Structures are given as C-alpha cells and as structure tokens.
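What follows is the content of coords.cif, which has mmCIF, C-alpha atoms (C1' of nucleotides):
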data_run
#
loop_
_atom_site.label_atom_id
_atom_site.label_comp_id
_atom_site.auth_asym_id
_atom_site.auth_seq_id
_atom_site.Cartn_x
_atom_site.Cartn_y
_atom_site.Cartn_z
CA MET A 255 49.62 67.01 94.47
CA GLU A 256 48.55 68.00 97.97
CA LYS A 257 45.10 69.40 98.17
CA ILE A 258 44.50 72.89 99.45
CA ASP A 259 41.25 74.06 100.95
CA GLU A 260 39.90 77.55 101.41
CA THR A 261 41.48 77.87 104.87
CA ASP A 262 44.89 77.06 103.41
CA ARG A 263 44.28 79.68 100.75
CA VAL A 264 43.51 82.28 103.40
CA LEU A 265 46.80 81.46 105.12
CA LEU A 266 48.74 81.59 101.84
CA ARG A 267 47.24 84.94 100.91
CA ALA A 268 48.21 86.42 104.28
CA LEU A 269 51.73 85.00 104.16
CA GLN A 270 52.26 86.25 100.62
CA ILE A 271 51.51 89.77 101.81
CA ASP A 272 53.51 89.53 105.03
CA GLY A 273 55.69 86.52 105.66
CA ALA A 274 56.36 87.59 109.21
CA THR A 275 52.72 87.43 110.31
CA SER A 276 52.61 85.66 113.68
CA LEU A 277 50.82 82.36 114.18
CA ASP A 278 48.40 84.10 116.52
CA SER A 279 47.30 86.58 113.86
CA LEU A 280 47.16 83.93 111.18
CA ALA A 281 44.99 81.72 113.37
CA GLU A 282 42.65 84.62 113.96
CA ILE A 283 42.46 85.57 110.28
CA ALA A 284 41.67 81.98 109.29
CA SER A 285 39.35 81.40 112.30
CA ILE A 286 41.21 78.31 113.49
CA SER A 287 43.24 77.50 116.59
CA VAL A 288 46.91 78.46 116.77
CA ASN A 289 47.72 74.80 116.91
CA THR A 290 45.88 73.81 113.77
CA CYS A 291 47.28 76.85 112.06
CA TRP A 292 50.82 75.78 112.89
CA ARG A 293 50.14 72.26 111.59
CA ARG A 294 48.67 73.52 108.33
CA ILE A 295 51.58 75.83 107.65
CA LYS A 296 54.09 73.14 108.49
CA ARG A 297 52.29 70.76 106.12
CA MET A 298 52.41 73.33 103.32
CA GLU A 299 56.08 74.01 103.94
CA GLU A 300 56.87 70.30 103.81
CA ALA A 301 54.82 69.86 100.64
CA GLY A 302 56.77 72.71 99.05
CA ILE A 303 53.62 74.78 98.54
CA LEU A 304 55.22 77.44 100.70
CA SER A 305 58.65 77.32 99.14
CA LYS A 306 60.55 79.93 101.13
CA ARG A 307 60.50 83.09 103.17
CA VAL A 308 62.48 85.96 101.78
CA ALA A 309 63.14 89.63 102.34
CA LEU A 310 62.47 91.83 99.30
CA VAL A 311 64.91 94.60 98.51
CA ASP A 312 63.82 97.75 96.69
CA PRO A 313 65.80 97.84 93.40
CA ASP A 314 65.73 101.67 93.28
CA LYS A 315 67.27 101.98 96.72
CA VAL A 316 70.25 99.78 95.89
CA GLY A 317 70.94 101.17 92.44
CA LEU A 318 69.44 98.34 90.42
CA ALA A 319 66.52 100.15 88.89
CA GLN A 320 67.07 99.15 85.27
CA THR A 321 65.01 96.19 84.08
CA VAL A 322 65.85 94.74 80.68
CA PHE A 323 63.95 92.04 78.80
CA VAL A 324 66.06 90.02 76.42
CA ALA A 325 64.54 87.86 73.69
CA ILE A 326 66.82 85.13 72.40
CA ARG A 327 66.69 82.95 69.30
CA THR A 328 69.02 79.98 69.12
CA ARG A 329 70.63 78.06 66.32
CA ASP A 330 71.04 74.81 68.18
CA HIS A 331 67.98 73.06 69.63
CA SER A 332 69.56 69.89 71.01
CA ALA A 333 69.01 68.81 74.61
CA ALA A 334 72.73 68.93 75.38
CA TRP A 335 73.02 72.48 74.12
CA LEU A 336 69.98 73.56 76.12
CA GLU A 337 71.45 72.14 79.28
CA ARG A 338 74.71 74.00 78.79
CA PHE A 339 72.91 77.19 77.87
CA ALA A 340 70.50 76.98 80.83
CA GLY A 341 73.36 76.37 83.24
CA ALA A 342 75.34 79.33 81.95
CA VAL A 343 72.38 81.71 82.07
CA ARG A 344 71.19 80.60 85.51
CA ALA A 345 74.65 81.31 86.90
CA ILE A 346 74.42 85.00 85.97
CA PRO A 347 73.02 86.74 89.06
CA GLU A 348 71.69 89.69 87.05
CA VAL A 349 69.34 87.29 85.26
CA VAL A 350 66.40 87.19 87.64
CA GLU A 351 63.92 85.40 85.36
CA PHE A 352 64.49 82.99 82.51
CA TYR A 353 61.85 81.21 80.41
CA ARG A 354 61.72 78.93 77.42
CA MET A 355 58.99 80.33 75.22
CA ALA A 356 56.48 79.22 72.64
CA GLY A 357 56.43 81.19 69.40
CA ASP A 358 59.27 82.69 67.45
CA VAL A 359 61.32 83.79 70.44
CA ASP A 360 63.06 80.78 71.98
CA TYR A 361 64.02 82.24 75.36
CA LEU A 362 63.13 85.29 77.37
CA LEU A 363 65.33 86.72 80.12
CA LYS A 364 64.57 89.43 82.62
CA ILE A 365 67.73 91.17 83.72
CA GLN A 366 68.06 93.55 86.65
CA VAL A 367 70.96 96.01 86.52
CA GLY A 368 71.90 99.53 87.49
CA SER A 369 72.36 101.09 84.09
CA VAL A 370 72.55 100.48 80.35
CA PRO A 371 76.36 100.03 80.41
CA ASP A 372 75.84 97.45 83.18
CA TYR A 373 73.46 95.62 80.90
CA ASP A 374 76.08 95.68 78.17
CA ARG A 375 78.52 93.89 80.44
CA VAL A 376 75.96 91.16 81.15
CA TYR A 377 75.23 90.90 77.42
CA LYS A 378 78.90 90.43 76.64
CA ALA A 379 79.26 87.82 79.37
CA LEU A 380 76.29 86.00 77.89
CA ILE A 381 77.42 85.89 74.26
CA ALA A 382 80.93 84.94 75.36
CA ARG A 383 79.59 81.77 76.93
CA VAL A 384 77.16 80.49 74.31
CA ASP A 385 76.52 80.82 70.60
CA LEU A 386 73.22 82.59 69.95
CA ALA A 387 71.46 83.33 66.66
CA ASP A 388 69.72 86.48 67.77
CA VAL A 389 69.64 88.55 70.95
CA SER A 390 67.33 91.51 71.24
CA ALA A 391 66.98 93.70 74.31
CA THR A 392 64.07 95.91 75.33
CA PHE A 393 64.43 98.38 78.17
CA ALA A 394 61.78 99.10 80.78
CA MET A 395 61.19 102.81 81.33
CA GLU A 396 58.97 102.45 84.36
CA CYS A 397 57.84 99.65 86.64
CA LEU A 398 54.10 99.97 87.22
CA LYS A 399 53.67 96.75 89.20
CA ASN A 400 55.90 93.97 90.45
CA THR A 401 54.55 91.58 93.02
CA THR A 402 55.40 88.13 94.35
CA GLU A 403 51.75 87.60 95.27
CA LEU A 404 50.13 84.90 93.19
CA PRO A 405 46.39 85.23 92.50
CA ILE A 406 45.36 82.45 94.91
CA MET B 210 69.46 107.96 99.17
CA GLU B 211 70.76 106.13 102.21
CA LYS B 212 74.20 104.81 101.83
CA ILE B 213 74.88 101.09 102.12
CA ASP B 214 78.23 99.64 103.06
CA GLU B 215 79.58 96.18 102.49
CA THR B 216 78.24 94.94 105.85
CA ASP B 217 74.74 96.04 104.85
CA ARG B 218 75.17 94.23 101.58
CA VAL B 219 76.13 91.04 103.42
CA LEU B 220 72.94 91.33 105.49
CA LEU B 221 70.79 92.01 102.43
CA ARG B 222 72.22 89.04 100.57
CA ALA B 223 71.50 86.72 103.49
CA LEU B 224 67.98 88.07 103.98
CA GLN B 225 67.18 87.79 100.28
CA ILE B 226 67.99 84.07 100.48
CA ASP B 227 66.21 83.45 103.77
CA GLY B 228 64.11 86.17 105.29
CA ALA B 229 63.70 84.20 108.51
CA THR B 230 67.40 84.10 109.34
CA SER B 231 67.77 84.89 113.05
CA LEU B 232 69.57 87.98 114.25
CA ASP B 233 72.15 85.71 115.88
CA SER B 234 73.08 84.06 112.59
CA LEU B 235 73.02 87.35 110.71
CA ALA B 236 75.33 88.93 113.27
CA GLU B 237 77.71 86.04 112.91
CA ILE B 238 77.66 86.11 109.10
CA ALA B 239 78.38 89.85 109.08
CA SER B 240 80.83 89.67 112.00
CA ILE B 241 79.05 92.28 114.07
CA SER B 242 77.20 92.18 117.39
CA VAL B 243 73.55 91.13 117.51
CA ASN B 244 72.65 94.60 118.58
CA THR B 245 74.39 96.43 115.77
CA CYS B 246 72.92 93.93 113.39
CA TRP B 247 69.42 94.63 114.66
CA ARG B 248 69.96 98.38 114.33
CA ARG B 249 71.28 98.12 110.79
CA ILE B 250 68.35 96.00 109.69
CA LYS B 251 65.89 98.33 111.37
CA ARG B 252 67.53 101.28 109.61
CA MET B 253 67.24 99.54 106.25
CA GLU B 254 63.61 98.66 106.89
CA GLU B 255 62.82 102.26 107.79
CA ALA B 256 64.65 103.55 104.73
CA GLY B 257 62.60 101.17 102.57
CA ILE B 258 65.70 99.39 101.35
CA LEU B 259 64.27 96.21 102.82
CA SER B 260 60.76 96.71 101.56
CA LYS B 261 58.97 93.67 102.95
CA ARG B 262 59.15 90.09 104.14
CA VAL B 263 57.06 87.64 102.19
CA ALA B 264 56.42 83.94 101.84
CA LEU B 265 56.84 82.61 98.31
CA VAL B 266 54.30 80.13 96.99
CA ASP B 267 55.25 77.56 94.36
CA PRO B 268 53.05 78.31 91.30
CA ASP B 269 53.06 74.65 90.21
CA LYS B 270 51.73 73.45 93.54
CA VAL B 271 48.75 75.77 93.51
CA GLY B 272 47.81 75.31 89.88
CA LEU B 273 49.19 78.58 88.55
CA ALA B 274 52.00 77.23 86.40
CA GLN B 275 51.21 79.13 83.21
CA THR B 276 53.21 82.31 82.69
CA VAL B 277 52.14 84.59 79.85
CA PHE B 278 53.92 87.70 78.59
CA VAL B 279 51.67 90.24 76.97
CA ALA B 280 53.02 93.02 74.78
CA ILE B 281 50.69 95.98 74.40
CA ARG B 282 50.61 98.88 71.96
CA THR B 283 48.31 101.77 72.72
CA ARG B 284 46.51 104.33 70.62
CA ASP B 285 46.28 106.97 73.29
CA HIS B 286 49.45 108.31 74.90
CA SER B 287 48.00 111.02 77.16
CA ALA B 288 48.83 111.15 80.86
CA ALA B 289 45.17 110.81 81.83
CA TRP B 290 44.76 107.70 79.74
CA LEU B 291 47.91 106.16 81.18
CA GLU B 292 46.67 106.72 84.69
CA ARG B 293 43.36 105.03 83.96
CA PHE B 294 45.08 102.19 82.15
CA ALA B 295 47.69 101.66 84.88
CA GLY B 296 45.03 101.61 87.57
CA ALA B 297 42.93 99.07 85.70
CA VAL B 298 45.86 96.76 85.00
CA ARG B 299 47.28 96.98 88.50
CA ALA B 300 43.94 95.90 89.92
CA ILE B 301 44.06 92.57 88.05
CA PRO B 302 45.66 90.10 90.48
CA GLU B 303 46.82 87.78 87.69
CA VAL B 304 49.06 90.58 86.41
CA VAL B 305 52.16 90.10 88.54
CA GLU B 306 54.48 92.43 86.62
CA PHE B 307 53.75 95.49 84.53
CA TYR B 308 56.24 97.77 82.78
CA ARG B 309 56.18 100.73 80.46
CA MET B 310 58.73 99.98 77.80
CA ALA B 311 61.05 101.73 75.42
CA GLY B 312 60.87 100.64 71.78
CA ASP B 313 57.87 99.68 69.70
CA VAL B 314 56.04 97.82 72.46
CA ASP B 315 54.44 100.32 74.84
CA TYR B 316 53.71 98.04 77.79
CA LEU B 317 54.72 94.58 78.88
CA LEU B 318 52.70 92.48 81.32
CA LYS B 319 53.61 89.24 82.98
CA ILE B 320 50.52 87.24 83.83
CA GLN B 321 50.37 84.18 86.05
CA VAL B 322 47.44 81.82 85.50
CA GLY B 323 46.54 78.14 85.61
CA SER B 324 45.82 77.52 81.95
CA VAL B 325 45.37 79.06 78.52
CA PRO B 326 41.59 79.46 78.97
CA ASP B 327 42.32 81.23 82.27
CA TYR B 328 44.54 83.62 80.36
CA ASP B 329 41.76 84.23 77.91
CA ARG B 330 39.49 85.35 80.72
CA VAL B 331 42.13 87.82 81.93
CA TYR B 332 42.60 89.05 78.36
CA LYS B 333 38.88 89.66 77.98
CA ALA B 334 38.74 91.47 81.32
CA LEU B 335 41.62 93.64 80.14
CA ILE B 336 40.24 94.68 76.75
CA ALA B 337 36.81 95.28 78.30
CA ARG B 338 38.31 97.95 80.54
CA VAL B 339 40.55 99.88 78.18
CA ASP B 340 40.92 100.52 74.48
CA LEU B 341 44.16 99.01 73.15
CA ALA B 342 45.67 99.15 69.68
CA ASP B 343 47.46 95.83 69.80
CA VAL B 344 47.74 93.01 72.33
CA SER B 345 50.03 90.10 71.68
CA ALA B 346 50.57 87.20 74.06
CA THR B 347 53.53 84.83 74.26
CA PHE B 348 53.34 81.72 76.40
CA ALA B 349 56.17 80.39 78.54
CA MET B 350 56.77 76.66 78.07
CA GLU B 351 59.20 76.24 80.93
CA CYS B 352 60.51 78.36 83.77
CA LEU B 353 64.28 77.96 83.98
CA LYS B 354 64.88 80.56 86.68
CA ASN B 355 62.78 82.90 88.76
CA THR B 356 64.32 84.57 91.75
CA THR B 357 63.59 87.54 93.99
CA GLU B 358 67.30 87.85 94.76
CA LEU B 359 68.80 91.02 93.33
CA PRO B 360 72.48 90.93 92.32
CA ILE B 361 73.68 93.01 95.28
"C1'" DT C 105 78.60 99.39 121.01
"C1'" DG C 106 77.63 96.12 124.32
"C1'" DT C 107 74.72 93.92 128.26
"C1'" DG C 108 70.89 92.13 129.86
"C1'" DA C 109 66.18 91.52 130.87
"C1'" DA C 110 61.30 91.58 129.67
"C1'" DA C 111 58.09 90.53 126.06
"C1'" DC C 112 56.95 87.76 122.56
"C1'" DA C 113 56.66 83.87 119.44
"C1'" DC C 114 57.58 79.05 118.21
"C1'" DA C 115 57.50 74.14 118.37
"C1'" DT C 116 55.90 70.41 120.50
"C1'" DA C 117 53.45 67.28 123.95
"C1'" DT C 118 49.36 65.76 125.97
"C1'" DC C 119 44.69 65.40 126.56
"C1'" DT C 120 39.84 66.10 124.91
"C1'" DA C 121 35.88 65.94 121.84
"C1'" DT D 86 40.99 65.44 112.62
"C1'" DA D 87 40.80 69.63 115.17
"C1'" DG D 88 41.00 72.22 119.53
"C1'" DA D 89 42.54 73.61 124.31
"C1'" DT D 90 46.18 74.10 127.38
"C1'" DA D 91 50.90 73.96 129.04
"C1'" DT D 92 55.76 74.53 128.63
"C1'" DG D 93 60.78 74.80 127.43
"C1'" DT D 94 63.34 77.14 124.21
"C1'" DG D 95 64.56 80.64 120.98
"C1'" DT D 96 64.12 85.41 119.29
"C1'" DT D 97 63.23 90.22 119.29
"C1'" DT D 98 63.15 94.60 121.15
"C1'" DC D 99 64.67 98.19 123.86
"C1'" DA D 100 66.40 100.78 128.06
"C1'" DC D 101 70.56 101.74 130.07
"C1'" DA D 102 75.37 101.54 131.01
#

Is it possible to express this structure as structure tokens?
Amino acid sequence: MEKIDETDRVLLRALQIDGATSLDSLAEIASISVNTCWRRIKRMEEAGILSKRVALVDPDKVGLAQTVFVAIRTRDHSAAWLERFAGAVRAIPEVVEFYRMAGDVDYLLKIQVGSVPDYDRVYKALIARVDLADVSATFAMECLKNTTELPI
Amino acid sequence: MEKIDETDRVLLRALQIDGATSLDSLAEIASISVNTCWRRIKRMEEAGILSKRVALVDPDKVGLAQTVFVAIRTRDHSAAWLERFAGAVRAIPEVVEFYRMAGDVDYLLKIQVGSVPDYDRVYKALIARVDLADVSATFAMECLKNTTELPI
DNA sequence: TGTGAAACACATATCTA
DNA sequence: TAGATATGTGTTTCACA
C-alpha cells in the first residue's frame, strides 16, 4: 500500500469535490508547486488511489429517481454458484451497488430505476437468471444524502 | 424538466464512464460537431442534468474499506424532528448515503469507515445527537459492484 | 451549425537547491 | 525530493460568419 501524507489528502479532498479543478488551483490549495502537484496526482492515479474521473448525472433529471434496496438470501453457498450469481447481477445496469453481507441477509443490492414497475422488470430478470431463497425489496421515499466523497 | 434526446444520452453515458473525455472524442462518439457537442454539454450542466465532475477515490487504498448499512427506526415523526435529524446525519462525513424508507425501517444509512471500531465511534456520535428508537447495523463483507453510472 | 482564433491547461524536460 | 522556469501540444470557450 502506497503511503499518503496530509498534502495528498488535501488534494484528494479537493478532487473529490471537483474533479475538474486545475493544477494551478490544486497547487495553491495544497501550498506546493504546480510541478510537484502534478507529480503527486500522477502517482496517486498510477497507484489506483485516484481510480477515475466521472461526471455525475442527477437521477431525478433523467427519470431514474426510484432507489430500491433488495435483500437476498440464497440457498446455495458454493464458490461456483457465487461466481455465477455475482456475474449475472453485475451485468444488470440498474444494479448500482452490490454487497455480500454479514448477518442473516446474504446479499444487498441497490437498484436505481424510474418507477416501481421498472423495478419489477429488474426483479423478474434477476430471478430468471438465478435461484434465490428469498428476495425482499424496500423502497426509498426520499434521498437525504448521496455523495461520492469519502471521509478522508 | 428539460428534454433529453438519444444524442444527449450518448454523451451522458460516455461522461459517466470517463468525465475527462475530450470534446473531440465526445463529438466523434455522438457524430456531431465539436461545437454542437460543447453546447449540448453546457446546456445539460446548466440544467443540472450533469450535476458535477468528481474524482473517485478507491476506499481500499485509503483505508476506508468497511461499508456499514444502518437501519433506523424513530420514535418521533414530526417534521421539525426530521429536519433536525436530517441535518445532524448529513453533517457526518462518514455517512455517504441517507434515505427515508417505506416499510418498517424509517431510515437507511450507508456508512464508509476503516474498521468496526471506527463505525462504533460514528454510531456513538449519531445517538449522542438525536433520540432514536432502534438502530441496527449490518456489515458488508465484500463489495461486488459499486458504480456511479446510472442506467441511462 | 460551422470556423477559427485567443485563452487556458497539461505534460514533460531541464536545471537548481 | 521538491521547486522554478520554459515549451510544445492539446483543449476549451466564445465571437462571428
């Protein structure tokens, strides 16, 4: 693991808020030269600390305001089954997050769709592909916070 | 609501994957001139469809690999209480997502920390600020997918 | 919509402390 | 290891046709 000092953290915080911040501004914020700043960012990109730059799209504005959390219990716990299951779920673009959990729920999915009927289509696609013991959906009524900023 | 055509969608898809894609490439992908491309993107930025450009940081590489989902039930359901509660929760940087839910869980938080003891500190900070009926945490063992790309 | 030019930003080299 | 300076190239932004 690459080590990160406080200056790196300052850069990461700024880039998490605005990924288009210029090198000039970043150098000023971190009180280092533009040159050093460029080298640090390049290093963090190469180390995979800064994984990518993306544009964020407002879900409301494109008709994808419905967030659904889906808790899944499975029958089969073999490695081969998991691999098949994980592949199938990852391939569904509406599934934006997907975790294997501790506790009595085996997997948790976060699904982003436009409406409840849209969710139903994703649900059907899901159960058509793999055999699941229990699938239970909970709908979000309101998004109070959703950030890509990690607490660095 | 601004209307979005298929060309806009092509641009959004490309920018969701790589927010640093040059206007030249975007224009080529969408088969439009650089100029038109620039104007479309500007329009979508102004309309808030493209909400921001950010750099994504790999949680593993900065020691924030532990994701915790916290289901909360409340005693008080007044608007004033909700406002106070929402403000307090939003201000906690470890809380990266926060939803008001339908069903028997009132709120769901996604918390990003480095370890279980770190989560405990966030938990204590949370219950110190607001009175909650029931708080139950579930830990993620493995992240199988986590994307900012909406299924546009 | 398209052209083009000015302004800006990036990536790298070289030299210095 | 970090900073100053210089420079060719690429990119964005915008006025005008």

Check: Written as a PyMOL selection string, which residues does the PyMOL selection byres ((chain D and resi 87-102) around 7) give for the file shown?
Finding: (chain A and resi 287+290) or (chain D and resi 86)

Notebook entry, point to check: Could you write out as a count of residues only the residues that the PyMOL selection byres ((chain A and resi 350) around 8) matches in the shown file?
Noted result: 15

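Of the residues listed (B:Ala342, B:Glu215, B:Asn244, B:Ala239), B:Asn244 shows the shortest atom-to-atom separation from chain C; distances use all atoms listed in the file.
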
Notebook entry, point to check: Could you write out as a VMD selection string the residues that the PyMOL selection byres ((chain C) within 12 of (chain A)) matches in the shown file?
Noted result: chain C and resid 112 to 117

Checklist line | Expected answer as a count of residues only: chain B residues within 6 Å of chain A, all atoms listed in the file | finding: 35
